[in-house]
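Undergrad: Could you have a look at this structure, given as structure tokens, before my questions?
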Amino acid sequence: MKVSKLTLILLVAALVAPFVVYPVLLAKILCFALFAAAFNLLLGYVGLLSFGHAAFLGTGGYITGWLMMNAGITPELAILLGTGAAGLLGAVYGKLAVKREGIYFAMVTLALAQLIFFVYLQAPFTGGEDGMQGIPRGELFGFIDLSDNLNMYYFVLAIFLFGYWLIHRTIHSPFGQVLKAIRENEPRAVSLGYNVSDYKWVAFMISAALAGLAGSTKSLVFQLTSLTDAHWHMSGEVVLMTLVGGVGTVFGPLVGAGTIVTMQNYLSGGELGNYVHIIMGAIFVICVLAFRGGLVGEFQKLLKRNAG
Amino acid sequence: MTTFLGINLFALFGQLLVGLINGSFYALLSLGLAIIFGLLKIINFAQGAMYMLGAFFAWMALSYFGMNYWVALIVVPLVVGFLGILMERFLVRPIAHEDHLYSLLLTFGVALMLQGVFTHVYGSSGLAYAIPEALQGGTKLPFMYLPNYRAWIIVASIVVCGATWWLVEKTRLGAYLRAGTENPQLMQAFGINVPLIVTLTFGFGVALAGFAGVMAAPVYSVSPEMGSNLLIVVFAIVVIGGMGSIGGAILTGLAMGVIEGLTKYLYPEASTTVIFLVMVIVLLLKPAGLFGKEA
Amino acid sequence: MKALTNTVAAVALAATAASPALANISDDKIKIGVLADMGGVYSDLCGPGCVTALEMAAEDVGGKVLGAPIEIISADDQLKADVGSAIVRKWVENEQVDAVGGLVSSAVVGAATKVLTDAKKIAMISTAASNAFTTSACSPYNVHWTYNVTAMANGTVKPMVAAGKKKWFFITADYAFGHALESVATEVIEANGGEVVGVVRAPLATTDFSSYVLQAQASGADVVALANAGADTVNSLKAATEFGLTEMVDVAGLLVFTPAAQAMDPDTAGGMRLTTGFYWDYDDQTRQWSERFLERTGTLPAMGHAGAYSMAMHYFRAIEAAGTDDSDAVMAKMRELKPEDFFARNAYLRADGRMVHDMYYAEIKPAAERSGDNDIFRILSVIPGDEAFAPMLPECNFN
């Protein structure tokens, strides 16, 4: 009951927020939050650390961007196809990667992501280092003009809520229970007769598709997709966001993405501009030494302690 | 006459030799990571930054104290290793019992800070460091001109890699180390100071990165970004070789240098990507890497 | 409540202080945002130094134009196009920025200029290499000042081909700017009777270039052209010297900035030919400005810094002459007036936004000829602007 009250408050805040804070920044936070949530589905609920999730973010962005520029279709369709493409790539990569565990899983995903990065670097349609620029936002369902920042924001919010809802449903379904069982004790799950690889594979696909959804949406918000989105630094950034927010918590990815994006945004301007890297580095060190549960995780611990 | 299947054989020999030189350099770089990663199970993302420190310290030693290359080759790794010891003692050890992920994040943060500080102080363009006089010039081989400094890289790398391998795999100290990391409680019971061994090993691994940095200063641009570019390649080498296998990292480093060299000749665009292709194939066929033990 | 009172007081104060001349200045101030790389690989080319250059320009016009104060703000694009475009969006939508200066990496600039053009605000591009901003992506609000890939390639290649260096080999960064440099240079080489005997495309941030140097050696070329930048240029040149390539052939740097040239060992770099839009030690005028810059930043100005200053001065002059900071009127005046200062020689702003000015064909001095750490280039000849830059495309004529 308590949770639903919190959700309600957050929802109202999200609806009012664009009148207080710059909507494009909010939309960016939501895109990254969805990306981090997709990543968290794997790390927090299946125990798999992917170090190649930028591949799916980039794929979603490039496919949606290309379709918007060349195919003349409506944005919701372009996003759907971009998400599908990322899911498909996830199906292939997942099939290969879930055979491995721990650090080897991370390295296989990293290597596979580097291969697709190479494709995007070489393929002419991506625009190389300049990226795909000036992607039109188009008109949602053919009649809602997305070039208006407020319309865009509410559209992104709807996508974000859908993504979160899907993750929530996945975790709380029987399928999600099996995933948790695998995370807690894989040999037991095997001995109970579950085909562990297949469960991991499906979870990987869902995660990849949602990361692609985040990338597709982001390409419309900023009207560009570039190699940055597919670079391994981006795979690293999503790990950081999730850890800062709290691994395996529902709101962790949102809080983590919000914190990191706001911080980058704040640090990029003004006096501290020259020190961005130093300050970010210091924050990670402090987070690891003092707040390992992430912001949400530590907060929950605090609540529990007070309650008990 | 000197062509085979349309490929100029002399050119091919040249490329192979250059690949081997790069490979020995990779072996040297991966060695420190292989020790820290393989024996201590700590993912040290700051290893690239430590390599960068090595190169910068060599430059600083020369510019501020007039310390020449040969002295720097001994002193700088000691200094970098000492910094590594401090990092292990005060940053890494408090989280030693947590998930490996946290050491990755922590060391990544340290790397970001170091890179940021050096960009801030010395700028992004880098600094010039000349090849020491004794190693200037080169030898004319039938198929290529071999600079003396590159020959030195091979020699130094073989000596350092060989000595390290011998130390870890063949000596009593190495045996303590391997046993201490596999079963710390038991070793502690035998009266061996395991935390001390861990700290010294970490320091040694970091010092090797510093050594590689000094080696690199005369031939590569000394700049804040120099380590981050190489880091994931070196990681890939350690994983392909098999975590925990020192010999595996050395041999894989050499092999990757040659494979990369051939790619630079046949399809240069893919030369930084080929290593990841190899990694995917190896990990799918041999889950624990080429020389790793299956768990 | 207190904040509100303060705001009311400030508005009232501003209203009384405002002179009638301010009527045509939007928000009663001239606000320039500097978007640059503050801590990354390009930060030496145009980062904090570009902010200083613009602050110097503002001071040199007394901090005011038409009685309106000049305000300079800055931000770090982190070399990410989405970060850069978000900052520029916020600036023009919420912070009354009139023009954006700095503008370094081509990907960021491409995204930023799109936002600026939509908002009808001026993009003052000082350091981007791509020629797209006055060709395929031209806009009536783009001003591209210091140089571009065409001028760099033209300036270096023409005199060398004319001197009988006919066979060329390229070591190209496998990135858009590398490809652009290579293709412009190839055109010039072929048009002047030379030929390209080989090309290798090396991934960006390659550490070891010795393999490519061997290939260049085997190609029988007269000139090895480095179509790369920054650390890649330094590393490829180091390998070329080490493997004895520089003793056999000439090396041409197609995109070399002063900081990169300074980062190279003089024994390695001596003799390399290149083109630059500015050199600090060219004459008294350049020395005078450069010494002021050096005093404030501790580093020599790169061409982007000098260009950023020169462009800002011209912008202020155009506002003064137009009597307004309205972008269209200012752009018209910027094209009409001739920029003339220590940086801009025989210069004019073309209708496509390209600033055409004298470029310099130069050589890096070997160690023996240097009088100090800052003695880097020898200027060999002056290249008239119309020869260096490509002619205007008819579809980009915004007059």
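The way I read the labels, and the way they are meant: chains A, B, ... in the order of the structure tokens, residue 1 as the first residue of every chain, and ligand 1 as the first ligand shown, with later ones counted on from there.
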Please, which residues of chain C lie no more than 6 Å from chain B when the count uses only C-alpha atoms, and can they be set out as a ChimeraX atom specification?
TA: /C:41,44,201-203,235,243,260,263-265
Undergrad: Write the selection just made, keeping N, CA and C atoms, as an mmCIF file, in the first residue's frame?
TA:
data_model
loop_
_atom_site.group_PDB
_atom_site.id
_atom_site.type_symbol
_atom_site.label_atom_id
_atom_site.label_comp_id
_atom_site.auth_asym_id
_atom_site.auth_seq_id
_atom_site.Cartn_x
_atom_site.Cartn_y
_atom_site.Cartn_z
ATOM 1 N N VAL C 41 40.181 15.467 -25.087
ATOM 2 C CA VAL C 41 41.339 15.462 -25.990
ATOM 3 C C VAL C 41 41.525 16.759 -26.758
ATOM 4 N N ASP C 44 43.067 21.457 -25.394
ATOM 5 C CA ASP C 44 44.161 22.387 -25.673
ATOM 6 C C ASP C 44 43.890 23.240 -26.912
ATOM 7 N N ARG C 201 43.895 3.298 -43.763
ATOM 8 C CA ARG C 201 42.967 3.963 -42.851
ATOM 9 C C ARG C 201 43.132 3.347 -41.481
ATOM 10 N N ALA C 202 43.759 4.095 -40.579
ATOM 11 C CA ALA C 202 44.032 3.585 -39.240
ATOM 12 C C ALA C 202 42.913 3.992 -38.303
ATOM 13 N N PRO C 203 42.442 3.069 -37.459
ATOM 14 C CA PRO C 203 41.399 3.434 -36.503
ATOM 15 C C PRO C 203 41.840 4.608 -35.637
ATOM 16 N N ASN C 235 51.948 10.181 -32.714
ATOM 17 C CA ASN C 235 52.390 8.786 -32.734
ATOM 18 C C ASN C 235 52.831 8.332 -34.120
ATOM 19 N N PHE C 243 61.564 4.583 -37.730
ATOM 20 C CA PHE C 243 61.832 3.584 -38.762
ATOM 21 C C PHE C 243 62.551 4.176 -39.978
ATOM 22 N N ALA C 260 49.956 20.407 -30.618
ATOM 23 C CA ALA C 260 50.449 19.089 -31.032
ATOM 24 C C ALA C 260 51.884 19.206 -31.510
ATOM 25 N N ALA C 263 54.133 19.311 -28.734
ATOM 26 C CA ALA C 263 54.229 18.046 -27.998
ATOM 27 C C ALA C 263 55.179 17.060 -28.660
ATOM 28 N N MET C 264 55.714 17.450 -29.827
ATOM 29 C CA MET C 264 56.606 16.524 -30.525
ATOM 30 C C MET C 264 58.058 16.895 -30.270
ATOM 31 N N ASP C 265 58.856 15.879 -30.165
ATOM 32 C CA ASP C 265 60.281 16.065 -30.016
ATOM 33 C C ASP C 265 60.809 16.765 -31.277
#
Undergrad: Counting only C-alpha atoms, what are the residues of chain C within 6 Å of chain A, and for each of them which pair of atoms is the nearest and at what distance in Å, to one decimal? Sort the table by chain and rising number, as CSV.
TA:
residue,atom,partner,partner_atom,distance
C:Met38,CA,A:Asn274,CA,5.3
C:Gly39,CA,A:Asn274,CA,5.6
C:Ser74,CA,A:Gly269,CA,5.9
C:Ala75,CA,A:Gly269,CA,4.0
C:Asp76,CA,A:Ser268,CA,4.6
C:Ala107,CA,A:Asp130,CA,4.1
C:Ala176,CA,A:Glu129,CA,5.8
Undergrad: I need the residues from that last selection saved to file as a JSON list (two decimals), in the first residue's frame (with N, CA and C atoms), if you can.
TA:
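The new file again-v2.json reads:
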[["chain", "number", "residue", "atom", "x", "y", "z"],
["C", 38, "MET", "N", 36.23, 21.17, -22.45],
["C", 38, "MET", "CA", 36.96, 21.76, -21.33],
["C", 38, "MET", "C", 37.98, 20.80, -20.72],
["C", 39, "GLY", "N", 37.78, 19.49, -20.87],
["C", 39, "GLY", "CA", 38.73, 18.59, -20.21],
["C", 39, "GLY", "C", 39.10, 17.36, -21.01],
["C", 74, "SER", "N", 30.01, 29.75, -20.23],
["C", 74, "SER", "CA", 30.66, 28.66, -20.93],
["C", 74, "SER", "C", 30.17, 27.31, -20.44],
["C", 75, "ALA", "N", 30.36, 26.28, -21.25],
["C", 75, "ALA", "CA", 29.98, 24.92, -20.86],
["C", 75, "ALA", "C", 30.85, 23.91, -21.57],
["C", 76, "ASP", "N", 30.94, 22.74, -20.96],
["C", 76, "ASP", "CA", 31.75, 21.65, -21.48],
["C", 76, "ASP", "C", 30.85, 20.70, -22.27],
["C", 107, "ALA", "N", 31.14, 16.65, -34.73],
["C", 107, "ALA", "CA", 29.87, 16.03, -34.39],
["C", 107, "ALA", "C", 29.05, 16.94, -33.48],
["C", 176, "ALA", "N", 35.45, 10.67, -39.99],
["C", 176, "ALA", "CA", 34.97, 11.60, -41.01],
["C", 176, "ALA", "C", 36.01, 12.66, -41.39]]
Undergrad: For the structure I just gave you, how does DSSP split region 135-188 of chain A - specifically, which residues are strand (DSSP E or B)? Reply as a list in words.
TA: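 Residues meeting the strand (DSSP E or B) criterion: Glu139, Leu140, Ile144 and Asp145 of chain A.
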Undergrad: Can you pull out every residue from region 132-278 of chain B that DSSP, working from the backbone, puts in alpha helix (DSSP H), and format the result as a VMD selection string?
TA: chain B and resid 148 to 170 172 to 182 184 to 189 194 to 216 226 to 241 246 to 266 274 to 278
Undergrad: Return as a ChimeraX atom specification the residues belonging to chain A that are within 9 Å of chain B, counting only C-alpha atoms.
TA: /A:49,96-97,99-101,103-104,107-112,114-115,117-118,122,239-240,243,274-289,292
Undergrad: Dump C-alpha atoms for the selected residues as a compact mmCIF listing (two decimals), in the first residue's frame?
TA:
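The resulting selection-v5.txt:
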# COMPACT_ATOMS: atom_id res chain seq x y z
CA LEU A 49 26.58 -8.10 -15.73
CA LEU A 96 25.88 -16.61 -27.52
CA ALA A 97 26.48 -14.83 -24.23
CA LYS A 99 26.40 -19.77 -22.12
CA ARG A 100 29.02 -17.96 -20.07
CA GLU A 101 29.01 -16.66 -16.52
CA ILE A 103 33.35 -11.97 -15.81
CA TYR A 104 33.31 -14.09 -18.97
CA MET A 107 33.65 -9.88 -21.62
CA VAL A 108 31.62 -11.69 -24.29
CA THR A 109 29.00 -8.94 -24.26
CA LEU A 110 31.75 -6.31 -24.42
CA ALA A 111 33.40 -8.04 -27.38
CA LEU A 112 30.12 -8.47 -29.25
CA GLN A 114 32.69 -3.82 -30.04
CA LEU A 115 31.91 -5.75 -33.21
CA PHE A 117 30.38 -0.63 -32.96
CA PHE A 118 32.79 -1.39 -35.78
CA GLN A 122 32.13 1.71 -41.10
CA VAL A 239 26.70 0.34 -15.01
CA LEU A 240 27.55 3.46 -13.02
CA LEU A 243 25.19 1.19 -9.12
CA ASN A 274 37.32 22.05 -16.07
CA TYR A 275 37.01 19.56 -13.26
CA VAL A 276 34.20 17.32 -14.56
CA HIS A 277 36.32 14.18 -14.83
CA ILE A 278 37.99 14.68 -11.48
CA ILE A 279 34.71 15.28 -9.67
CA MET A 280 32.92 12.36 -11.35
CA GLY A 281 35.84 10.09 -10.46
CA ALA A 282 35.77 11.23 -6.85
CA ILE A 283 32.03 10.61 -6.63
CA PHE A 284 32.41 7.02 -7.82
CA VAL A 285 35.14 6.37 -5.30
CA ILE A 286 33.03 7.82 -2.49
CA CYS A 287 29.93 5.89 -3.62
CA VAL A 288 31.79 2.60 -3.57
CA LEU A 289 33.45 3.23 -0.22
CA ARG A 292 27.53 0.47 -1.87
Undergrad: In Å to one decimal, how far is CA of Leu140 (chain A) from CA of Phe251 (chain A)?
TA: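 Computed distance, CA of Phe251 (chain A) to CA of Leu140 (chain A), equals 28.3 Å.
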Undergrad: Please list as a ChimeraX atom specification every residue within 9 Å of Ser327 (chain C), counting only C-alpha atoms and excluding residues in the same chain fewer than 4 positions away.
TA: /C:98-99,120-122,141,331-332
Undergrad: Could you list, as number ranges by chain, every residue within 12 Å of Ile135 (chain A), counting only C-alpha atoms and ignoring same-chain residues fewer than 4 positions away?
TA: A: 61-72, 75, 78, 126, 131, 146-147, 216-226; C: 111, 114-115
Undergrad: Could the residues in this selection be saved with C-alpha atoms as a compact mmCIF listing (two decimals), in the first residue's frame?
TA:
# COMPACT_ATOMS: atom_id res chain seq x y z
CA GLY A 61 18.74 4.92 -32.07
CA TYR A 62 20.25 4.29 -35.51
CA ILE A 63 17.32 2.25 -36.82
CA THR A 64 14.69 4.71 -35.58
CA GLY A 65 16.73 7.65 -36.82
CA TRP A 66 17.20 6.14 -40.26
CA LEU A 67 13.52 5.30 -40.57
CA MET A 68 12.45 8.81 -39.52
CA MET A 69 14.79 10.37 -42.05
CA ASN A 70 14.21 8.03 -44.97
CA ALA A 71 11.04 5.99 -44.63
CA GLY A 72 8.52 8.72 -43.92
CA PRO A 75 7.43 8.16 -34.85
CA ALA A 78 9.83 3.97 -36.07
CA THR A 126 25.28 6.07 -39.72
CA GLY A 131 26.45 10.72 -36.46
CA LEU A 146 6.44 16.25 -31.27
CA SER A 147 8.63 19.19 -32.17
CA SER A 216 15.00 4.94 -30.12
CA THR A 217 13.27 7.45 -27.89
CA LYS A 218 16.51 9.29 -27.16
CA SER A 219 17.21 9.67 -30.88
CA LEU A 220 13.92 11.54 -31.24
CA VAL A 221 14.42 13.70 -28.15
CA PHE A 222 17.85 14.93 -29.28
CA GLN A 223 17.19 14.46 -33.00
CA LEU A 224 20.50 12.70 -33.32
CA THR A 225 22.22 9.38 -32.84
CA SER A 226 25.98 9.21 -32.75
CA ALA C 111 24.20 19.19 -33.63
CA LYS C 114 21.06 22.82 -36.14
CA VAL C 115 19.62 24.07 -32.84
Undergrad: Which one of C:Ala119, C:Gly110, C:Ser130, C:Pro366 sits closest to Pro266 (chain C) if you count only C-alpha atoms?
TA: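 Selected residue with least distance to Pro266 (chain C): C:Pro366.
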